Structures are given as structure tokens and as C-alpha cells.
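Take a look at the structure set out below.
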Amino acid sequence: MGDAYVPNGSGSPGGAQAAEASGTGRLRSGARSTRWGLVAVTGVFLALTAAPLLGLFAYAPCSMVFCPATVVILRKTLALTVSSSLTATLAAVIVGLPTALCLARLSFRGRTVANALVELPISLPPLVLGVALLLVWGRRGVIGSWLSSHGYHLSFTFAAVIIAQFVVAAPFFVRIAKAAIEQVPVSLEEASRTLGRGPIGTYLRVPLPLAQRGILAGVITCWARAMSEFGATIMFAGNFPGRTQTVPLAIFSTMQYDTVTSVSLSIFMLAFSACTFVLAQTLLGRSAAR
Amino acid sequence: MRREWVPGVWAAAAVAVTLMWGCHRQQPADTGAEAAPPKGASTAAAPAKAPEAKSITVFAGAAAMAALKELGPMYETKTGIKVDITSGGSGSVMTQFVQEQFGDVYMPGSDDFMDKAEAKDAVLKDTRAILVYLVPAICISKGNPKGIKSLDDLARADLRVVLGEEKAVCLGDIAAAVLKEKGLAEKVQPRVASYASSCEDVLNKLLLGEADVVIGWDSFAKQNPDKVETIPIQAESARVRHIPAAVIKWSTQRDAAKAFIDFLTSPDAMKVWEARGYTTKAPESVSKGT
């Protein structure tokens, strides 16, 4: 932690400067007790959230990540997990970015409801989403039965993995991207419009580039969430090795008969997530420096 | 102005391609499986005769997976028929195949789930087979560090006990019945650290050190000889249970499904079950549950 605490510095190109200019939100370097208080609370927070993860290492040392059983399972599941989660993330960006723009910038009837619906999956257990997907897209589902009658089945397929990951992870992207776009002053877009740029051109050249840091954060969070998705996937796509079994599902399966392998797979996921977030921080740092 | 629409068109095309690709991906997964019966088709009249099976789909409780992950490939080598296995909670996988009216073989972790499947008319009763037996036992850490000798010790103040959840896990029902029979129910209750939601969860609580003693299966020790040992339970209500298998009612290749179940009870398969720590012969000292 540095000496200064600047609130609301992310996602807004003007936020940090504004806070600096006004002097608000910055703690005096002399206020040591406040600083130590904040550090102490952060320490408690980390002890509650991050420390239990270290327990994994106590059970199975790092070296076990590369034991033959773990490597065999990773070979079967990692490519599947990465490809499905990247596809889900791509779909989330393609559909989610216009959605975030719409919710951040347009006022229309039912906007509040649309906002709530977008965020709804975040508050639901993924298992519930998995059951819902099965009831809609499954062989006897509302839409799935129509697809089935044409010879297409979605449930228990690789496509089902992507859909499950999308449904669970995309709302995180929309939420973060929307918040980032909202930070960009509307006046800049109005200026662009008065200078003759059309609405889509304005969106592409003003709020999206200015909110890119937040959007990137959304992409990374979405991808990480898709990679670790479990509940909706196992319900809608099943747990078929080589077809729908992702790394989190493999962790669940091996937990039933080989705890050590299961824990070493967990350590792998932990390391993978850590790398993702380091990468995210680096990218966000670079993006902010521009 | 028109150029501004180009990214939008590309995005829409990308979404379409993603969805199309997802749809087509599932087709190979259905190879050898049945064409889905149309919605509302009479399921009772599912054809018993089908084209030669290329693959069969098994919905398995997690408890059987330690052996099944070997037996599946073994069957494929022997017959050329691929065995697609999805595993999870015995109840969850039942929900999946009942909702989807899809799959060939159901293999829950214990017989009570098969009873439920029969009650729902989701499996063919005459195809039901007993694969291996589950014998209730007091399970403790290897070396018995807490010096546990009998059921009476479960009431000791220095012990953390984990039991299965009554009415949710058959191990929970057994534990409750045994403790009641021995007049220990009230004495043990304060020692119960938690109630586990599956048989595997009971085992994991012991393996991860969250429990000093659990009421589990004898297979826990056979499958984890370095970590777990068992003490027999001398009680009338410690009934022997079993892992069953049956053909799913909606299977369109019932003969192939039944042939796989026959293989699972064959001498070759029994060697695998035995090697993986399952009890293949019914113990005579205790009453059999059904």
C-alpha cells in the first residue's frame, strides 16, 4: 500500500485527477493510526479469504501438481476448459458490450427491469441456472424440443458447456463494462455528435476507448468466472470426460476417489487464477498509463 | 455513416457463427446414440431393438467412479462400444436423465436412489442388478490416533464426529438408525461437527481432518488404505447396502445397455471392483438391506 489513498480512481480517466485537484479522499501521511487500521482490516480480510487457499499446499505440496495422474487429467480437460471459456467470453463481449452501452446510455421503458434481469444470474446459485438451462434448452425444453425435432441436441454437449459458462459469466462482464462506460462524461459524446459523428461512430470512438480499462477488467473477470464455472455446467452439460468435463468438474470427480489428485488440480487452478490476475493487473496498469 | 455499421455487422456475424458452430459441435456426440424421441412420444413403447450401438450413455453416482473409470475403457476395448459416463450426485444425475428422457444406464451410489428411480418409473425394474456391496463401518484415521474402539466412543467430548445427513444420504439414515438402536443418539449429537451431503463428503471430512470419526462404508478404508481404517459396527440396523445398475426406461438401445450391466457383474469386472476397494461378496454376518 502506498501513502496515498485515492478513491474512485479506476474506470474513469478524469477520476484520479479530479480527486487530486480537490484534495478530498486523500489521507494525510501523518494519519498513521488510520493507515494501520486499514492495513489491519485488510489483513483480517485476507486471513478470511485467501489464507484457507494456502491450506491446499499443506495437504498436497506444489510438486504434486505435476504428478502423472494430474497431468493425465489436465491433458484431457485443460484445452476443453480454455477453449470453451474463451468462446463464452468472446460471446459475452460481442453481446455484452452493446448491452452495457444500451443500459449505460439509453433511457427507455423497462430499463430498470432490464438492469435487474442482467444482474439476476449473479445472485442465483449456478446450479439453478443449470436446471433452468436444461428446462429451456434440454431435449424436452421449451426451445430444446424444437431443436431436437430437427436433430440438434444441446444438452450434454460441448456447446452446452459454452452456454452454461456464458450464462454464468457474461453478467459479470456487462456489470463491469456498464459501470466503466457510465464513468465517461456524456458531454464528450455530445461534443462528438455536434462535430458530425453519427451515434455508432460516437460510441465506437468516445465511450468505448475511454472505458477500455474497465472493459478489459470485465473481460478478464468474465473469463476467470467462465474457467471456474461448475454448477451450471455439471447440470446442463453433464460431466462427460473428454466432451464436457472441464477442470472444475474434474476436481469434483477426482475428489470422490483420489483426494490428492483433486487437491493438486485445485492448486493448478489456484496458480492459473493467480497468473490471470497478475496479467490483468499488468494490462490494466499499462492501459491506465496510456 | 454506413461504414459505422460495419463493426456491428461483423459482431452479429460472429455471434451467428458462434451459435452455429456450437450447434454443429454436438452432432458427433450423438453418434451411435438414438435420434431423440419427439416430444410427447409414448416412452413406454420405446423400441427394444435398435441399430447396433456405437456408444452407450451412463448416468452414474460418484461413488462408483473409482472402478467405472477403468471399466468403461475396458468395455470399449472388448466390444468397440464407447461408454460415455457422466457422474455427479446420484439424485442430480437422476434429475438429468428423467428430465431429458435420455441415456442408457443408471448407476447410483446406493440402492435407495434406485428405489426412487423405480418409484418414478424411470428405470426398467427387471434389468436391475447388484454390482457391489456397501458395508457400514466406523471409519477413523490410520493408526487410530484417538483410540476409538466402539460406537460408545462417539459420545466422547474430545471427538469431532461427522455423519451423513439423515433422509438425504443413506449413510445418514444408517447412522441415525444405528445410534438410536444403541441408545446413543442424544449423547452423540453434541459431538457432531457437521452433517455431510453425500457419502463422498463423509469420506472427505475424514481425509481432510475435519472429523476424527465418521460412520461410513468399509470401502473407505479399502480405497484409502494409507489413511483410513475401519471398526465393524455390531448392530442390527447396520444394514448392508449395494451399488445397483439398471437400464433407463427411455434407452433406445436396451440390449446394448443390458449387455454393459452384464459386463459390470462379470468375473473380469469383479476383479476391477475388488482391486478398487469395493466389496464384491455380500457379508453374511449382517442383514441385507434392499
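We name chains A, B, ... following the order of the C-alpha cells; residues begin at 1 in each chain, and ligands are numbered from 1 as shown.
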Closest-contact table, stretch 108-173 of chain B side, partner stretch 236-258 of chain B, 7 Å, counting only C-alpha atoms, as a tab-separated table:
residue	atom	partner	partner_atom	distance
B:Pro108	CA	B:Ile243	CA	6.5
B:Gly109	CA	B:Ile243	CA	5.5
B:Ser110	CA	B:Ile243	CA	4.7
B:Asp111	CA	B:His242	CA	5.6
B:Ala122	CA	B:Lys249	CA	5.3
B:Val123	CA	B:Ile248	CA	4.4
B:Leu124	CA	B:Lys249	CA	5.5
B:Thr127	CA	B:Ala246	CA	5.2
B:Arg128	CA	B:Ala246	CA	4.3
B:Ala129	CA	B:Ala245	CA	5.4
B:Ile130	CA	B:Pro244	CA	4.5
B:Leu131	CA	B:Pro244	CA	5.5
B:Val132	CA	B:Ile243	CA	5.4
B:Tyr133	CA	B:His242	CA	4.1
B:Leu134	CA	B:Arg241	CA	4.9
B:Val135	CA	B:Val240	CA	4.9
B:Pro136	CA	B:Ala238	CA	6.0
Would you tabulate, counting only C-alpha atoms, all residues of chain A that have an atom at most 9 Å from an atom of chain B, showing the closest pair of atoms and their distance in Å to one decimal, sorted by chain then ascending number, as JSON lines?
{"residue": "A:Tyr59", "atom": "CA", "partner": "B:Leu208", "partner_atom": "CA", "distance": 8.0}
{"residue": "A:Thr87", "atom": "CA", "partner": "B:Thr18", "partner_atom": "CA", "distance": 7.8}
{"residue": "A:Leu90", "atom": "CA", "partner": "B:Val15", "partner_atom": "CA", "distance": 8.9}
{"residue": "A:Ala91", "atom": "CA", "partner": "B:Val15", "partner_atom": "CA", "distance": 6.5}
{"residue": "A:Ile94", "atom": "CA", "partner": "B:Ala11", "partner_atom": "CA", "distance": 5.9}
{"residue": "A:Val95", "atom": "CA", "partner": "B:Val15", "partner_atom": "CA", "distance": 7.6}
{"residue": "A:Val131", "atom": "CA", "partner": "B:Gln96", "partner_atom": "CA", "distance": 8.7}
{"residue": "A:Leu134", "atom": "CA", "partner": "B:Gln99", "partner_atom": "CA", "distance": 8.0}
{"residue": "A:Leu135", "atom": "CA", "partner": "B:Gln99", "partner_atom": "CA", "distance": 7.7}
{"residue": "A:Gly138", "atom": "CA", "partner": "B:Glu100", "partner_atom": "CA", "distance": 6.3}
{"residue": "A:Arg139", "atom": "CA", "partner": "B:Glu100", "partner_atom": "CA", "distance": 5.4}
{"residue": "A:Arg140", "atom": "CA", "partner": "B:Glu100", "partner_atom": "CA", "distance": 5.9}
{"residue": "A:Gly141", "atom": "CA", "partner": "B:Glu100", "partner_atom": "CA", "distance": 8.3}
{"residue": "A:Ser145", "atom": "CA", "partner": "B:Lys39", "partner_atom": "CA", "distance": 6.3}
{"residue": "A:Trp146", "atom": "CA", "partner": "B:Lys39", "partner_atom": "CA", "distance": 8.5}
{"residue": "A:Ser148", "atom": "CA", "partner": "B:Ala36", "partner_atom": "CA", "distance": 6.3}
{"residue": "A:Ser149", "atom": "CA", "partner": "B:Pro38", "partner_atom": "CA", "distance": 6.0}
{"residue": "A:Gly151", "atom": "CA", "partner": "B:Ala35", "partner_atom": "CA", "distance": 7.0}
{"residue": "A:Tyr152", "atom": "CA", "partner": "B:Cys23", "partner_atom": "CA", "distance": 6.8}
{"residue": "A:His153", "atom": "CA", "partner": "B:Gln26", "partner_atom": "CA", "distance": 6.5}
{"residue": "A:Leu154", "atom": "CA", "partner": "B:Gln26", "partner_atom": "CA", "distance": 6.5}
{"residue": "A:Ser155", "atom": "CA", "partner": "B:Glu100", "partner_atom": "CA", "distance": 8.5}
{"residue": "A:Phe156", "atom": "CA", "partner": "B:Gln26", "partner_atom": "CA", "distance": 8.4}
{"residue": "A:Thr157", "atom": "CA", "partner": "B:Gln26", "partner_atom": "CA", "distance": 5.3}
{"residue": "A:Phe158", "atom": "CA", "partner": "B:Gln26", "partner_atom": "CA", "distance": 6.5}
{"residue": "A:Ala159", "atom": "CA", "partner": "B:Gly22", "partner_atom": "CA", "distance": 4.5}
{"residue": "A:Ala160", "atom": "CA", "partner": "B:Gly22", "partner_atom": "CA", "distance": 8.0}
{"residue": "A:Ile162", "atom": "CA", "partner": "B:Gly22", "partner_atom": "CA", "distance": 8.0}
{"residue": "A:Ile163", "atom": "CA", "partner": "B:Gly22", "partner_atom": "CA", "distance": 8.8}
{"residue": "A:Arg197", "atom": "CA", "partner": "B:Met1", "partner_atom": "CA", "distance": 8.2}
{"residue": "A:Gly198", "atom": "CA", "partner": "B:Met1", "partner_atom": "CA", "distance": 6.6}
{"residue": "A:Pro199", "atom": "CA", "partner": "B:Glu4", "partner_atom": "CA", "distance": 8.8}
{"residue": "A:Ile200", "atom": "CA", "partner": "B:Glu4", "partner_atom": "CA", "distance": 6.0}
{"residue": "A:Gly201", "atom": "CA", "partner": "B:Glu4", "partner_atom": "CA", "distance": 5.5}
{"residue": "A:Leu204", "atom": "CA", "partner": "B:Glu4", "partner_atom": "CA", "distance": 8.5}
{"residue": "A:Ile234", "atom": "CA", "partner": "B:Gly88", "partner_atom": "CA", "distance": 7.7}
{"residue": "A:Met235", "atom": "CA", "partner": "B:Gln96", "partner_atom": "CA", "distance": 7.2}
{"residue": "A:Phe236", "atom": "CA", "partner": "B:Gln96", "partner_atom": "CA", "distance": 8.1}
{"residue": "A:Gly238", "atom": "CA", "partner": "B:Thr86", "partner_atom": "CA", "distance": 5.8}
{"residue": "A:Asn239", "atom": "CA", "partner": "B:Thr86", "partner_atom": "CA", "distance": 4.5}
{"residue": "A:Phe240", "atom": "CA", "partner": "B:Thr86", "partner_atom": "CA", "distance": 4.6}
{"residue": "A:Pro241", "atom": "CA", "partner": "B:Ile85", "partner_atom": "CA", "distance": 7.4}
{"residue": "A:Arg243", "atom": "CA", "partner": "B:Ala29", "partner_atom": "CA", "distance": 7.9}
{"residue": "A:Thr244", "atom": "CA", "partner": "B:Thr86", "partner_atom": "CA", "distance": 9.0}
{"residue": "A:Gln245", "atom": "CA", "partner": "B:Thr86", "partner_atom": "CA", "distance": 8.7}
{"residue": "A:Phe252", "atom": "CA", "partner": "B:Gly88", "partner_atom": "CA", "distance": 8.3}
{"residue": "A:Ser253", "atom": "CA", "partner": "B:Ala62", "partner_atom": "CA", "distance": 6.9}
{"residue": "A:Thr254", "atom": "CA", "partner": "B:Ala66", "partner_atom": "CA", "distance": 8.5}
{"residue": "A:Met255", "atom": "CA", "partner": "B:Asn204", "partner_atom": "CA", "distance": 7.7}
{"residue": "A:Gln256", "atom": "CA", "partner": "B:Glu200", "partner_atom": "CA", "distance": 5.5}
{"residue": "A:Tyr257", "atom": "CA", "partner": "B:Ala66", "partner_atom": "CA", "distance": 5.5}
{"residue": "A:Asp258", "atom": "CA", "partner": "B:Ala66", "partner_atom": "CA", "distance": 8.3}
{"residue": "A:Thr259", "atom": "CA", "partner": "B:Asn204", "partner_atom": "CA", "distance": 7.6}
Those same residues - C-alpha atoms - I'd like them written as a CSV table (one decimal), in the first residue's frame.
chain,number,residue,atom,x,y,z
A,59,TYR,CA,-2.4,-31.1,2.1
A,87,THR,CA,-15.6,-18.8,-26.6
A,90,LEU,CA,-15.9,-13.8,-26.8
A,91,ALA,CA,-19.7,-14.3,-27.0
A,94,ILE,CA,-20.0,-9.5,-28.6
A,95,VAL,CA,-23.4,-9.5,-27.0
A,131,VAL,CA,-31.5,-26.5,-14.2
A,134,LEU,CA,-31.9,-27.8,-19.0
A,135,LEU,CA,-35.6,-26.9,-18.8
A,138,GLY,CA,-32.8,-29.6,-23.0
A,139,ARG,CA,-34.2,-32.3,-25.2
A,140,ARG,CA,-37.7,-31.7,-23.7
A,141,GLY,CA,-37.2,-28.0,-23.0
A,145,SER,CA,-37.6,-29.8,-28.0
A,146,TRP,CA,-37.9,-27.8,-31.2
A,148,SER,CA,-34.4,-31.9,-31.0
A,149,SER,CA,-37.1,-32.4,-33.6
A,151,GLY,CA,-31.9,-33.4,-35.0
A,152,TYR,CA,-30.0,-31.0,-32.9
A,153,HIS,CA,-29.3,-31.6,-29.2
A,154,LEU,CA,-27.6,-29.1,-27.0
A,155,SER,CA,-27.7,-30.6,-23.5
A,156,PHE,CA,-24.7,-32.8,-22.5
A,157,THR,CA,-22.6,-31.4,-25.4
A,158,PHE,CA,-19.6,-29.1,-25.7
A,159,ALA,CA,-21.9,-26.3,-26.9
A,160,ALA,CA,-23.8,-26.7,-23.6
A,162,ILE,CA,-20.1,-22.8,-23.6
A,163,ILE,CA,-23.7,-21.8,-23.0
A,197,ARG,CA,-20.1,11.9,-35.9
A,198,GLY,CA,-23.0,9.5,-36.0
A,199,PRO,CA,-24.3,7.7,-33.0
A,200,ILE,CA,-22.5,4.4,-33.6
A,201,GLY,CA,-19.3,6.2,-34.6
A,204,LEU,CA,-17.0,3.4,-31.0
A,234,ILE,CA,-22.5,-30.1,-14.5
A,235,MET,CA,-26.3,-29.7,-14.6
A,236,PHE,CA,-26.7,-28.7,-18.2
A,238,GLY,CA,-23.0,-33.2,-17.6
A,239,ASN,CA,-19.6,-34.5,-16.6
A,240,PHE,CA,-18.5,-36.5,-19.6
A,241,PRO,CA,-14.7,-36.8,-19.7
A,243,ARG,CA,-16.6,-34.0,-24.0
A,244,THR,CA,-17.9,-31.7,-21.3
A,245,GLN,CA,-15.6,-32.3,-18.3
A,252,PHE,CA,-15.2,-32.7,-8.3
A,253,SER,CA,-14.9,-36.1,-9.9
A,254,THR,CA,-11.4,-36.9,-8.5
A,255,MET,CA,-12.5,-35.7,-5.1
A,256,GLN,CA,-14.7,-38.9,-5.0
A,257,TYR,CA,-11.8,-41.3,-5.3
A,258,ASP,CA,-8.4,-39.6,-5.3
A,259,THR,CA,-8.2,-36.6,-2.9
Please compute the atom CA of B:Gly209-atom CA of B:Ser141 distance, one decimal, in Å.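 Separating atom CA of B:Gly209 from atom CA of B:Ser141 is a distance of 8.5 Å.
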Would you list the contacts of A:Arg175 as a VMD selection string, taking every protein, DNA or RNA residue within 9 Å and counting only C-alpha atoms, but skipping same-chain residues closer than 4 positions in sequence? chain A and resid 100 118 to 119 170 to 171 179 to 180 218
Shell around B:Gly277 at 6 Å using only C-alpha atoms, local window under 3 positions removed, as a PyMOL selection string: chain B and resi 219+222-223+274
Report as a PyMOL selection string all protein, DNA and RNA residues lying within 12 Å of B:Phe263, evaluated on only C-alpha atoms, omitting residues in the same chain fewer than 5 positions from it. chain B and resi 68+71-72+74-76+78-79+129+131+245+256-258+268-273
Exercise: B:Ile81 partners within 7 Å, only C-alpha atoms, chain neighbours under 3 positions left out, as a PyMOL selection string: chain B and resi 53-55+76
Write the residues you've just listed into a file as a PDB file, in the first residue's frame, and include N, CA and C atoms for each of them.
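Here's the written file out29.pdb:
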ATOM      1  N   ALA B  53     -25.322 -50.626 -31.454  1.00  0.00           N
ATOM      2  CA  ALA B  53     -24.898 -49.461 -30.684  1.00  0.00           C
ATOM      3  C   ALA B  53     -23.431 -49.149 -30.934  1.00  0.00           C
ATOM      4  N   LYS B  54     -23.117 -47.849 -31.063  1.00  0.00           N
ATOM      5  CA  LYS B  54     -21.722 -47.430 -31.149  1.00  0.00           C
ATOM      6  C   LYS B  54     -21.256 -46.875 -29.821  1.00  0.00           C
ATOM      7  N   SER B  55     -22.227 -46.348 -29.074  1.00  0.00           N
ATOM      8  CA  SER B  55     -21.878 -45.851 -27.744  1.00  0.00           C
ATOM      9  C   SER B  55     -23.094 -45.948 -26.841  1.00  0.00           C
ATOM     10  N   GLU B  76     -14.960 -50.825 -23.790  1.00  0.00           N
ATOM     11  CA  GLU B  76     -14.780 -50.300 -25.152  1.00  0.00           C
ATOM     12  C   GLU B  76     -13.754 -51.143 -25.909  1.00  0.00           C
TER      13      GLU B  76
END
Please report, as a ChimeraX atom specification, each residue of stretch 68-228 of chain B to which DSSP assigns helix (DSSP H, G or I) when run on this structure's backbone. /B:68-79,90-100,111-119,125-127,151-155,170-181,185-191,199-207,219-223
Go through A:Ser187, A:Gln212, A:Thr261, A:Thr276 and flag the residue nearest A:Ala224, using only C-alpha atoms for the distances.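 Going through A:Ser187, A:Gln212, A:Thr261, A:Thr276 one by one, the smallest distance to A:Ala224 is for A:Thr276.
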Å distance separating atom CA of A:Val41 from atom CA of A:Ala274, one decimal place: 22.1 Å
If we count only C-alpha atoms and set the cut-off at 7 Å, which residues sit around A:Ala211, ignoring sequence neighbours fewer than 3 positions away in its own chain? Please answer as a list in words.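 My reading of the contact set: Gly11, Ala180, Ile181, Val184, Pro207, Leu208, Gly214 and Ile215 of chain A.
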Written selection (N, CA and C atoms) as a PDB file, in the first residue's frame:
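So part_23.pdb came out as:
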ATOM      1  N   GLY A  11     -11.441   3.145 -13.921  1.00  0.00           N
ATOM      2  CA  GLY A  11     -12.535   3.227 -14.877  1.00  0.00           C
ATOM      3  C   GLY A  11     -12.802   4.633 -15.354  1.00  0.00           C
ATOM      4  N   ALA A 180     -18.049   1.013 -16.192  1.00  0.00           N
ATOM      5  CA  ALA A 180     -16.931   1.753 -16.792  1.00  0.00           C
ATOM      6  C   ALA A 180     -17.442   2.797 -17.786  1.00  0.00           C
ATOM      7  N   ILE A 181     -18.438   2.413 -18.578  1.00  0.00           N
ATOM      8  CA  ILE A 181     -18.972   3.345 -19.585  1.00  0.00           C
ATOM      9  C   ILE A 181     -19.669   4.526 -18.899  1.00  0.00           C
ATOM     10  N   VAL A 184     -17.642   7.622 -18.080  1.00  0.00           N
ATOM     11  CA  VAL A 184     -17.227   8.557 -19.134  1.00  0.00           C
ATOM     12  C   VAL A 184     -18.270   9.673 -19.244  1.00  0.00           C
ATOM     13  N   PRO A 207     -16.948   6.669 -25.829  1.00  0.00           N
ATOM     14  CA  PRO A 207     -17.033   5.968 -24.537  1.00  0.00           C
ATOM     15  C   PRO A 207     -16.266   4.652 -24.509  1.00  0.00           C
ATOM     16  N   LEU A 208     -16.297   3.895 -25.610  1.00  0.00           N
ATOM     17  CA  LEU A 208     -15.623   2.587 -25.563  1.00  0.00           C
ATOM     18  C   LEU A 208     -14.105   2.707 -25.377  1.00  0.00           C
ATOM     19  N   GLY A 214     -11.814  -0.428 -17.865  1.00  0.00           N
ATOM     20  CA  GLY A 214     -12.881  -1.142 -17.167  1.00  0.00           C
ATOM     21  C   GLY A 214     -13.400  -2.309 -17.982  1.00  0.00           C
ATOM     22  N   ILE A 215     -13.498  -2.098 -19.284  1.00  0.00           N
ATOM     23  CA  ILE A 215     -13.995  -3.172 -20.162  1.00  0.00           C
ATOM     24  C   ILE A 215     -13.039  -4.362 -20.131  1.00  0.00           C
TER      25      ILE A 215
END
Using the chain letters and numbers from this document, which residues of stretch 19-250 of chain B does DSSP assign to strand (DSSP E or B), as a ChimeraX atom specification? /B:55-61,82-88,105-107,123,129-134,136-141,161-164,192-196,213-217,228-232,240-248
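Atom to atom, atom CA of B:Gly216 and atom CA of A:Ser264 stand 24.9 Å apart.
When only C-alpha atoms are used to measure the gap to A:Trp223, the shortest distance among A:Leu101, A:Ala114, A:Ala169, A:Leu48 belongs to A:Ala169.
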